[in-house]
$ cat protein_4.txt   # compact mmCIF, C-alpha atoms
# COMPACT_ATOMS: atom_id res chain seq x y z
CA MET A 107 144.12 260.60 -10.74
CA LEU A 108 140.57 259.50 -11.15
CA ALA A 109 138.72 261.70 -13.55
CA ALA A 110 135.07 262.28 -12.85
CA SER A 111 132.92 260.94 -15.57
CA ALA A 112 129.43 259.69 -16.04
CA THR A 113 130.66 256.19 -15.19
CA THR A 114 133.00 256.91 -12.25
CA LEU A 115 130.76 259.28 -10.28
CA PRO A 116 128.13 256.66 -9.45
CA LEU A 117 130.93 254.30 -8.36
CA PHE A 118 132.42 256.95 -6.07
CA GLY A 119 129.00 257.58 -4.60
CA ALA A 120 128.47 253.91 -3.99
CA LEU A 121 131.83 253.58 -2.21
CA SER A 122 131.06 256.58 -0.03
CA ALA A 123 127.78 255.03 1.00
CA CYS A 124 129.49 251.87 2.31
CA ALA A 125 128.96 251.37 6.04
CA GLY A 126 132.35 251.63 7.70
CA PRO A 127 134.22 253.67 10.27
CA ASP A 128 134.33 257.36 9.50
CA PRO A 129 137.95 258.44 10.04
CA LEU A 130 136.81 261.97 10.84
CA LYS A 131 134.64 260.90 13.78
CA GLY A 132 137.52 259.86 16.05
CA PRO A 133 138.57 256.38 17.18
CA PRO A 134 136.07 253.56 16.71
CA PRO A 135 134.27 252.22 19.79
CA LEU A 136 135.99 249.47 21.75
CA SER A 137 135.15 245.94 20.70
CA ALA A 138 133.29 243.65 23.09
CA ASP A 139 136.49 241.63 23.52
CA VAL A 140 138.47 244.68 24.62
CA ARG A 141 135.69 245.91 26.88
CA ALA A 142 135.60 242.50 28.60
CA LEU A 143 139.37 242.61 29.02
CA LEU A 144 139.25 246.08 30.55
CA GLN A 145 136.51 244.91 32.94
CA ALA A 146 138.71 241.98 33.95
CA VAL A 147 141.59 244.36 34.63
CA THR A 148 139.37 246.58 36.78
CA ALA A 149 138.03 243.56 38.67
CA GLU A 150 141.58 242.47 39.50
CA GLN A 151 142.48 245.96 40.64
CA ASN A 152 139.43 245.99 42.90
CA LEU A 153 140.39 242.62 44.42
CA ILE A 154 143.97 243.74 44.99
CA TRP A 155 142.72 246.86 46.74
CA ILE A 156 140.55 244.80 49.11
CA TYR A 157 143.43 242.43 49.89
CA LYS A 158 145.81 245.28 50.64
CA ARG A 159 143.32 247.05 52.89
CA THR A 160 142.47 243.83 54.73
CA MET A 161 146.14 243.01 55.25
CA ALA A 162 146.79 246.54 56.51
CA SER A 163 143.90 246.25 58.99
CA TYR A 164 144.70 242.72 60.20
CA SER A 165 148.43 242.18 60.11
CA ALA A 166 148.09 238.68 61.57
CA LEU A 167 146.36 237.64 58.34
CA ALA A 168 149.03 239.18 56.12
CA PRO A 169 151.28 236.11 55.81
CA SER A 170 148.41 233.95 54.62
CA LEU A 171 146.78 236.59 52.42
CA GLY A 172 150.09 237.70 50.89
CA ALA A 173 150.37 234.58 48.74
CA LEU A 174 146.87 235.09 47.35
CA LEU A 175 147.56 238.78 46.74
CA ALA A 176 150.70 237.87 44.77
CA GLU A 177 148.63 235.61 42.55
CA HIS A 178 146.17 238.41 41.85
CA GLN A 179 149.06 240.68 40.95
CA ALA A 180 150.21 238.00 38.51
CA HIS A 181 146.68 237.85 37.06
CA LEU A 182 146.65 241.59 36.63
CA ALA A 183 150.01 241.59 34.87
CA GLN A 184 148.84 238.92 32.44
CA LEU A 185 145.55 240.68 31.72
CA ARG A 186 147.23 244.05 31.22
CA GLY A 187 149.76 242.37 28.95
CA ARG A 188 146.93 241.39 26.60
CA ILE A 189 145.90 245.01 26.05
CA VAL A 190 147.48 246.79 23.12
CA GLU A 191 147.98 250.32 24.38
CA PRO A 192 148.35 253.19 21.93
CA PRO A 193 151.70 255.02 22.13
CA GLY A 194 151.71 257.47 25.02
CA LYS A 195 148.59 256.03 26.63
CA SER A 196 148.19 253.36 29.26
CA VAL A 197 145.30 251.57 30.88
CA PRO A 198 144.39 253.53 34.01
CA ALA A 199 144.88 251.76 37.32
CA THR A 200 141.35 252.59 38.45
CA VAL A 201 139.77 250.98 41.48
CA THR A 202 136.01 251.24 41.09
CA SER A 203 134.91 249.51 44.29
CA LYS A 204 136.35 250.35 47.71
CA PRO A 205 134.30 248.57 50.37
CA ALA A 206 135.07 249.28 54.01
CA VAL A 207 137.09 246.64 55.80
CA PRO A 208 134.75 244.80 58.21
CA GLY A 209 135.29 245.05 61.96
CA THR A 210 136.56 241.54 62.66
CA PRO A 211 139.03 239.21 60.91
CA ALA A 212 136.27 236.67 60.36
CA THR A 213 133.98 239.12 58.59
CA ALA A 214 136.91 240.56 56.65
CA LEU A 215 137.72 237.06 55.41
CA ALA A 216 134.07 236.54 54.54
CA GLN A 217 134.16 239.71 52.45
CA LEU A 218 137.27 238.53 50.62
CA ARG A 219 135.71 235.14 50.03
CA ALA A 220 132.59 236.71 48.56
CA ALA A 221 134.70 238.98 46.35
CA GLU A 222 136.70 236.01 45.06
CA GLN A 223 133.54 234.01 44.37
CA SER A 224 131.99 236.91 42.52
CA ALA A 225 135.17 237.50 40.50
CA SER A 226 135.40 233.83 39.54
CA THR A 227 131.81 233.80 38.32
CA ALA A 228 132.38 237.00 36.33
CA GLN A 229 135.34 235.41 34.52
CA LEU A 230 133.00 232.72 33.17
CA ARG A 231 130.71 235.38 31.69
CA ARG A 232 133.69 236.64 29.66
CA LEU A 233 134.26 233.30 27.92
CA ALA A 234 131.69 233.78 25.16
CA GLY A 235 133.20 235.53 22.20
CA ALA A 236 136.72 235.69 23.62
CA SER A 237 139.63 234.40 21.57
CA PRO A 238 140.73 230.87 22.58
CA SER A 239 143.86 232.23 24.23
CA LEU A 240 141.99 234.87 26.21
CA ALA A 241 139.23 232.41 27.14
CA GLN A 242 141.88 230.11 28.60
CA LEU A 243 143.36 232.97 30.59
CA TYR A 244 139.92 233.86 32.00
CA ALA A 245 139.24 230.19 32.82
CA SER A 246 142.61 229.76 34.52
CA ILE A 247 142.10 232.89 36.60
CA ALA A 248 138.58 231.70 37.48
CA ALA A 249 140.03 228.38 38.67
CA SER A 250 142.68 230.23 40.67
CA GLU A 251 139.99 232.35 42.31
CA ALA A 252 138.03 229.18 43.11
CA THR A 253 141.09 227.85 44.95
CA HIS A 254 141.29 231.16 46.83
CA VAL A 255 137.69 230.70 47.99
CA THR A 256 138.66 227.32 49.45
CA THR A 257 141.80 228.75 51.05
CA LEU A 258 139.87 231.64 52.59
CA THR A 259 137.21 229.27 53.90
CA ALA A 260 139.90 227.25 55.68
CA LEU A 261 141.52 230.43 56.96
CA ALA A 262 138.18 231.63 58.35
CA ARG A 263 137.83 228.38 60.28
CA ARG A 264 141.17 229.09 61.95
CA ASN A 265 140.12 232.71 62.69
CA PRO A 266 136.56 232.40 63.96
CA GLY A 267 136.61 235.48 66.15
CA MET B 191 153.25 231.62 30.55
CA ASP B 192 152.65 229.10 27.82
CA GLU B 193 150.29 229.82 24.98
CA GLN B 194 150.66 226.61 23.07
CA GLN B 195 146.96 225.91 23.33
CA ALA B 196 146.05 229.39 22.10
CA SER B 197 144.67 228.34 18.73
CA SER B 198 141.08 227.21 18.48
CA ALA B 199 140.61 223.53 19.36
CA GLN B 200 138.20 220.99 17.95
CA PRO B 201 135.67 219.68 20.48
CA LEU B 202 136.24 215.96 20.04
CA PRO B 203 140.03 215.82 20.41
CA ALA B 204 139.81 218.20 23.37
CA LEU B 205 137.22 215.99 25.09
CA GLN B 206 139.21 212.84 24.30
CA ALA B 207 142.31 214.42 25.83
CA ALA B 208 140.32 215.30 28.96
CA LEU B 209 139.05 211.72 29.12
CA ALA B 210 142.59 210.37 28.74
CA ALA B 211 143.65 212.58 31.66
CA GLU B 212 140.75 211.26 33.77
CA HIS B 213 141.74 207.67 32.95
CA ALA B 214 145.28 208.46 34.02
CA ALA B 215 144.04 210.02 37.25
CA VAL B 216 141.90 206.97 38.07
CA TYR B 217 144.97 204.75 37.60
CA GLY B 218 147.30 207.12 39.43
CA TYR B 219 145.11 207.42 42.51
CA GLY B 220 145.20 203.65 42.80
CA VAL B 221 148.97 203.93 43.15
CA ALA B 222 148.97 207.00 45.39
CA GLY B 223 146.20 205.74 47.65
CA ALA B 224 148.18 202.61 48.50
CA MET B 225 150.86 204.78 50.14
CA LEU B 226 148.48 206.95 52.19
CA THR B 227 146.78 206.37 55.49
CA GLY B 228 143.99 207.86 57.58
CA THR B 229 142.34 211.03 56.33
CA GLU B 230 144.71 211.28 53.39
CA ARG B 231 143.77 207.82 52.23
CA ALA B 232 140.09 208.73 52.61
CA ALA B 233 140.69 211.89 50.57
CA ALA B 234 142.47 209.90 47.87
CA LEU B 235 139.58 207.46 47.75
CA ALA B 236 137.07 210.30 47.40
CA ASP B 237 139.15 211.90 44.64
CA TRP B 238 139.50 208.55 42.86
CA ARG B 239 135.70 208.17 42.88
CA SER B 240 135.26 211.72 41.68
CA HIS B 241 137.53 211.05 38.70
CA GLN B 242 135.50 207.98 37.85
CA VAL B 243 132.34 210.10 37.75
CA ALA B 244 134.08 212.71 35.57
CA ARG B 245 135.35 209.93 33.30
CA ASP B 246 131.82 208.59 32.85
CA THR B 247 130.51 212.08 32.09
CA LEU B 248 133.14 212.62 29.39
CA GLU B 249 132.52 209.20 27.88
CA ALA B 250 128.81 210.01 27.59
CA MET B 251 129.59 213.36 25.97
CA ILE B 252 131.91 211.74 23.43
CA VAL B 253 129.41 209.04 22.57
CA LYS B 254 126.79 211.74 22.09
CA LEU B 255 129.10 213.33 19.54
CA GLY B 256 129.12 210.01 17.64
CA ALA B 257 132.67 208.95 18.53
CA THR B 258 134.24 206.13 20.48
CA PRO B 259 135.70 207.24 23.81
CA VAL B 260 139.40 206.63 24.24
CA ALA B 261 140.02 203.57 26.39
CA ALA B 262 142.13 203.50 29.51
CA SER B 263 145.57 201.99 29.20
CA ALA B 264 146.26 198.82 31.16
CA ALA B 265 149.27 200.50 32.77
CA TYR B 266 150.90 203.92 32.92
CA GLU B 267 154.41 205.25 33.31
CA LEU B 268 154.73 207.20 36.54
CA PRO B 269 156.90 210.34 36.56
CA PHE B 270 158.76 209.16 39.67
CA ALA B 271 158.81 206.26 42.06
CA VAL B 272 155.96 206.34 44.56
CA ARG B 273 157.22 204.69 47.72
CA SER B 274 156.09 207.03 50.49
CA ALA B 275 153.21 209.24 51.57
CA ARG B 276 155.19 212.27 50.45
CA SER B 277 155.67 210.99 46.90
CA ALA B 278 152.04 209.86 46.86
CA ARG B 279 150.92 213.42 47.65
CA ARG B 280 153.22 214.72 44.89
CA LEU B 281 151.71 212.25 42.45
CA ALA B 282 148.16 213.21 43.43
CA ALA B 283 148.96 216.90 42.88
CA ALA B 284 150.55 216.10 39.51
CA LEU B 285 147.52 214.05 38.46
CA GLU B 286 145.19 216.91 39.33
CA ASP B 287 147.41 219.39 37.47
CA GLY B 288 147.24 217.13 34.43
CA VAL B 289 143.45 216.94 34.55
CA THR B 290 143.19 220.72 35.04
CA GLN B 291 145.42 221.28 32.01
CA ALA B 292 143.32 218.90 29.91
CA TYR B 293 140.10 220.73 30.77
CA LEU B 294 141.79 224.01 29.89
CA GLY B 295 142.21 222.50 26.42
CA VAL B 296 138.41 222.18 26.24
CA VAL B 297 138.14 225.92 26.97
CA ALA B 298 139.96 226.59 23.68
CA VAL B 299 137.01 225.32 21.61
CA THR B 300 134.73 227.95 20.13
CA ASP B 301 131.46 226.41 21.35
CA THR B 302 130.45 228.47 24.39
CA THR B 303 128.66 225.62 26.17
CA LEU B 304 131.71 223.36 25.97
CA ARG B 305 133.95 226.26 26.89
CA THR B 306 131.96 226.87 30.05
CA PHE B 307 131.93 223.14 30.80
CA GLY B 308 135.74 223.07 30.55
CA ALA B 309 136.14 226.16 32.73
CA LEU B 310 133.81 224.79 35.42
CA ALA B 311 135.42 221.36 35.25
CA MET B 312 138.85 222.91 35.94
CA ARG B 313 137.86 224.19 39.35
CA THR B 314 137.62 220.90 41.22
CA PRO B 315 140.98 219.45 40.10
CA ALA B 316 142.62 222.86 40.64
CA ASN B 317 141.31 222.81 44.22
CA ARG B 318 142.42 219.24 44.78
CA ALA B 319 145.87 219.98 43.37
CA ALA B 320 146.19 222.89 45.80
CA ALA B 321 145.11 220.65 48.67
CA TRP B 322 147.65 217.93 47.84
CA ARG B 323 150.40 220.45 47.13
CA GLY B 324 149.62 222.57 50.18
CA SER B 325 149.56 225.81 48.21
CA THR B 326 147.73 227.53 45.40
CA ILE B 327 149.17 228.61 42.05
CA ALA B 328 148.35 231.69 39.99
CA PHE B 329 147.44 229.98 36.73
CA PRO B 330 145.98 226.49 37.13
CA GLY B 331 146.18 224.46 33.95
CA MET B 332 148.53 226.85 32.17
CA GLY B 333 152.01 225.73 31.24
CA ASP B 334 153.58 223.33 28.84
CA SER B 335 154.25 220.47 31.21
CA PRO B 336 153.62 217.03 29.71
CA PRO B 337 150.90 214.81 31.17
CA PRO B 338 152.02 213.64 34.61
CA ILE B 339 151.60 210.01 33.74
CA SER B 340 151.38 208.50 30.29
CA PRO B 341 150.22 205.14 29.00
CA ARG B 342 152.96 202.55 29.05
CA PRO B 343 153.98 201.97 25.42
CA GLY B 344 152.33 199.03 23.77
CA MET B 345 149.43 198.94 26.19
CA PRO B 346 145.88 199.03 24.81
CA GLY B 347 144.20 202.40 24.77
CA ASP B 348 147.43 204.40 24.66
CA THR B 349 146.38 206.50 21.72
CA VAL B 350 143.76 209.19 21.60
CA PRO B 351 141.39 208.76 18.66
CA ALA B 352 140.25 211.95 16.95
$ encode --input "protein_4.txt" --output "structure tokens"
Amino acid sequence: MLAASATTLPLFGALSACAGPDPLKGPPPLSADVRALLQAVTAEQNLIWIYKRTMASYSALAPSLGALLAEHQAHLAQLRGRIVEPPGKSVPATVTSKPAVPGTPATALAQLRAAEQSASTAQLRRLAGASPSLAQLYASIAASEATHVTTLTALARRNPG
Amino acid sequence: MDEQQASSAQPLPALQAALAAEHAAVYGYGVAGAMLTGTERAAALADWRSHQVARDTLEAMIVKLGATPVAASAAYELPFAVRSARSARRLAAALEDGVTQAYLGVVAVTDTTLRTFGALAMRTPANRAAAWRGSTIAFPGMGDSPPPISPRPGMPGDTVPA
């Protein structure tokens, strides 16, 4: 046991003054890396929601869109797999953006294309500060989303109405 | 999904590897293009030119870093015989996959500018690979597949300087 003395008390005081997490103030705030990862998870969930709603509204598009949806579900699984969840807690499957499905297949495809483009651009903003492994995952997903934009553009040409 | 490239990469070797992949693509499209006709041949020609531009860009970046760009090999080993339009399309897709994978290696560097360059550079070959393959994939560039074509042993330029 440390006995208080004229020499130890100043040392104890100095240690107490160190800037560090206070264990009595609850869990520390999320790091920027984790926040970016959670944002990526939410973005994927939003995209998946739009795909499912579009496919439900326009069943003729479902065969073509199903392959792209499956890839987004694979993205989501990989992103969620990178999150270390505390015991008993899990990342909520929250959809934060639920746009209405447009009135024609062509405009619905345009909405999906815009969502993919936006998602791909957002992945690039997550590169700075990410670990090399996570940066590669973001970049690969961004490239996948870029290929979806091209696929949706071609699909829109075949469904002009 | 492979994570072999997960550790931080050094800029120069990553750029040299991307350049080596571009050299291989330039060579490979010469082989593939010979088996294609019509619009596919025109697409192969456009892709071949695009890889030449990317090659020149990488060479300039490497020179700017004070290094000597890796040279193209005089000949490469193909992963399979290319004797038809179908195998030519397969080769083109494999070449683009190889280039995409090489640019993903650039994303593993810590420098944000190079990282972004690598991520942006992946998009075009990922799109071309999807076009030649006829379908998209979930994780372009990921995986532990070896380069689709490799320098034929003993040919000049078959090593990647650091």
$ residues_near_point --input "protein_4.txt" --point "(153.3, 215.9, 48.5)" --cutoff "12 Å" --atoms "all atoms listed in the file" --output "short mmCIF file (atom, residue, chain, number, x, y, z; two decimals) with C-alpha atoms, in the coordinates of the input"
data_model
loop_
_atom_site.label_atom_id
_atom_site.label_comp_id
_atom_site.auth_asym_id
_atom_site.auth_seq_id
_atom_site.Cartn_x
_atom_site.Cartn_y
_atom_site.Cartn_z
CA ALA B 222 148.97 207.00 45.39
CA MET B 225 150.86 204.78 50.14
CA LEU B 226 148.48 206.95 52.19
CA GLU B 230 144.71 211.28 53.39
CA VAL B 272 155.96 206.34 44.56
CA ARG B 273 157.22 204.69 47.72
CA SER B 274 156.09 207.03 50.49
CA ALA B 275 153.21 209.24 51.57
CA ARG B 276 155.19 212.27 50.45
CA SER B 277 155.67 210.99 46.90
CA ALA B 278 152.04 209.86 46.86
CA ARG B 279 150.92 213.42 47.65
CA ARG B 280 153.22 214.72 44.89
CA LEU B 281 151.71 212.25 42.45
CA ALA B 282 148.16 213.21 43.43
CA ALA B 283 148.96 216.90 42.88
CA ALA B 284 150.55 216.10 39.51
CA LEU B 285 147.52 214.05 38.46
CA ARG B 318 142.42 219.24 44.78
CA ALA B 319 145.87 219.98 43.37
CA ALA B 320 146.19 222.89 45.80
CA ALA B 321 145.11 220.65 48.67
CA TRP B 322 147.65 217.93 47.84
CA ARG B 323 150.40 220.45 47.13
CA GLY B 324 149.62 222.57 50.18
CA SER B 325 149.56 225.81 48.21
#
$ atom_distance --input "protein_4.txt" --atom1 "CA of Asp334 in chain B" --atom2 "CA of Ala214 in chain B"
17.8 Å
$ interface_residues --input "protein_4.txt" --of "chain B" --to "chain A" --cutoff "9 Å" --atoms "all atoms listed in the file" --output "PyMOL selection string"
chain B and resi 191+193-199+294-303+305-306+308-310+312-314+316-318+320+325-332
$ write_last_selection --input "protein_4.txt" --atoms "C-alpha atoms" --output "CSV table (one decimal), in the frame of the given file"
chain,number,residue,atom,x,y,z
B,191,MET,CA,153.2,231.6,30.6
B,193,GLU,CA,150.3,229.8,25.0
B,194,GLN,CA,150.7,226.6,23.1
B,195,GLN,CA,147.0,225.9,23.3
B,196,ALA,CA,146.0,229.4,22.1
B,197,SER,CA,144.7,228.3,18.7
B,198,SER,CA,141.1,227.2,18.5
B,199,ALA,CA,140.6,223.5,19.4
B,294,LEU,CA,141.8,224.0,29.9
B,295,GLY,CA,142.2,222.5,26.4
B,296,VAL,CA,138.4,222.2,26.2
B,297,VAL,CA,138.1,225.9,27.0
B,298,ALA,CA,140.0,226.6,23.7
B,299,VAL,CA,137.0,225.3,21.6
B,300,THR,CA,134.7,228.0,20.1
B,301,ASP,CA,131.5,226.4,21.4
B,302,THR,CA,130.4,228.5,24.4
B,303,THR,CA,128.7,225.6,26.2
B,305,ARG,CA,134.0,226.3,26.9
B,306,THR,CA,132.0,226.9,30.0
B,308,GLY,CA,135.7,223.1,30.6
B,309,ALA,CA,136.1,226.2,32.7
B,310,LEU,CA,133.8,224.8,35.4
B,312,MET,CA,138.8,222.9,35.9
B,313,ARG,CA,137.9,224.2,39.4
B,314,THR,CA,137.6,220.9,41.2
B,316,ALA,CA,142.6,222.9,40.6
B,317,ASN,CA,141.3,222.8,44.2
B,318,ARG,CA,142.4,219.2,44.8
B,320,ALA,CA,146.2,222.9,45.8
B,325,SER,CA,149.6,225.8,48.2
B,326,THR,CA,147.7,227.5,45.4
B,327,ILE,CA,149.2,228.6,42.0
B,328,ALA,CA,148.4,231.7,40.0
B,329,PHE,CA,147.4,230.0,36.7
B,330,PRO,CA,146.0,226.5,37.1
B,331,GLY,CA,146.2,224.5,34.0
B,332,MET,CA,148.5,226.8,32.2
$ atom_distance --input "protein_4.txt" --atom1 "CA of Pro337 in chain B" --atom2 "CA of Thr290 in chain B"
10.5 Å
$ closest_residue --input "protein_4.txt" --among "B:Ala208, B:Ala261, B:Val216, B:Ala234" --to "Gln291 in chain B" --atoms "only C-alpha atoms"
B:Ala208
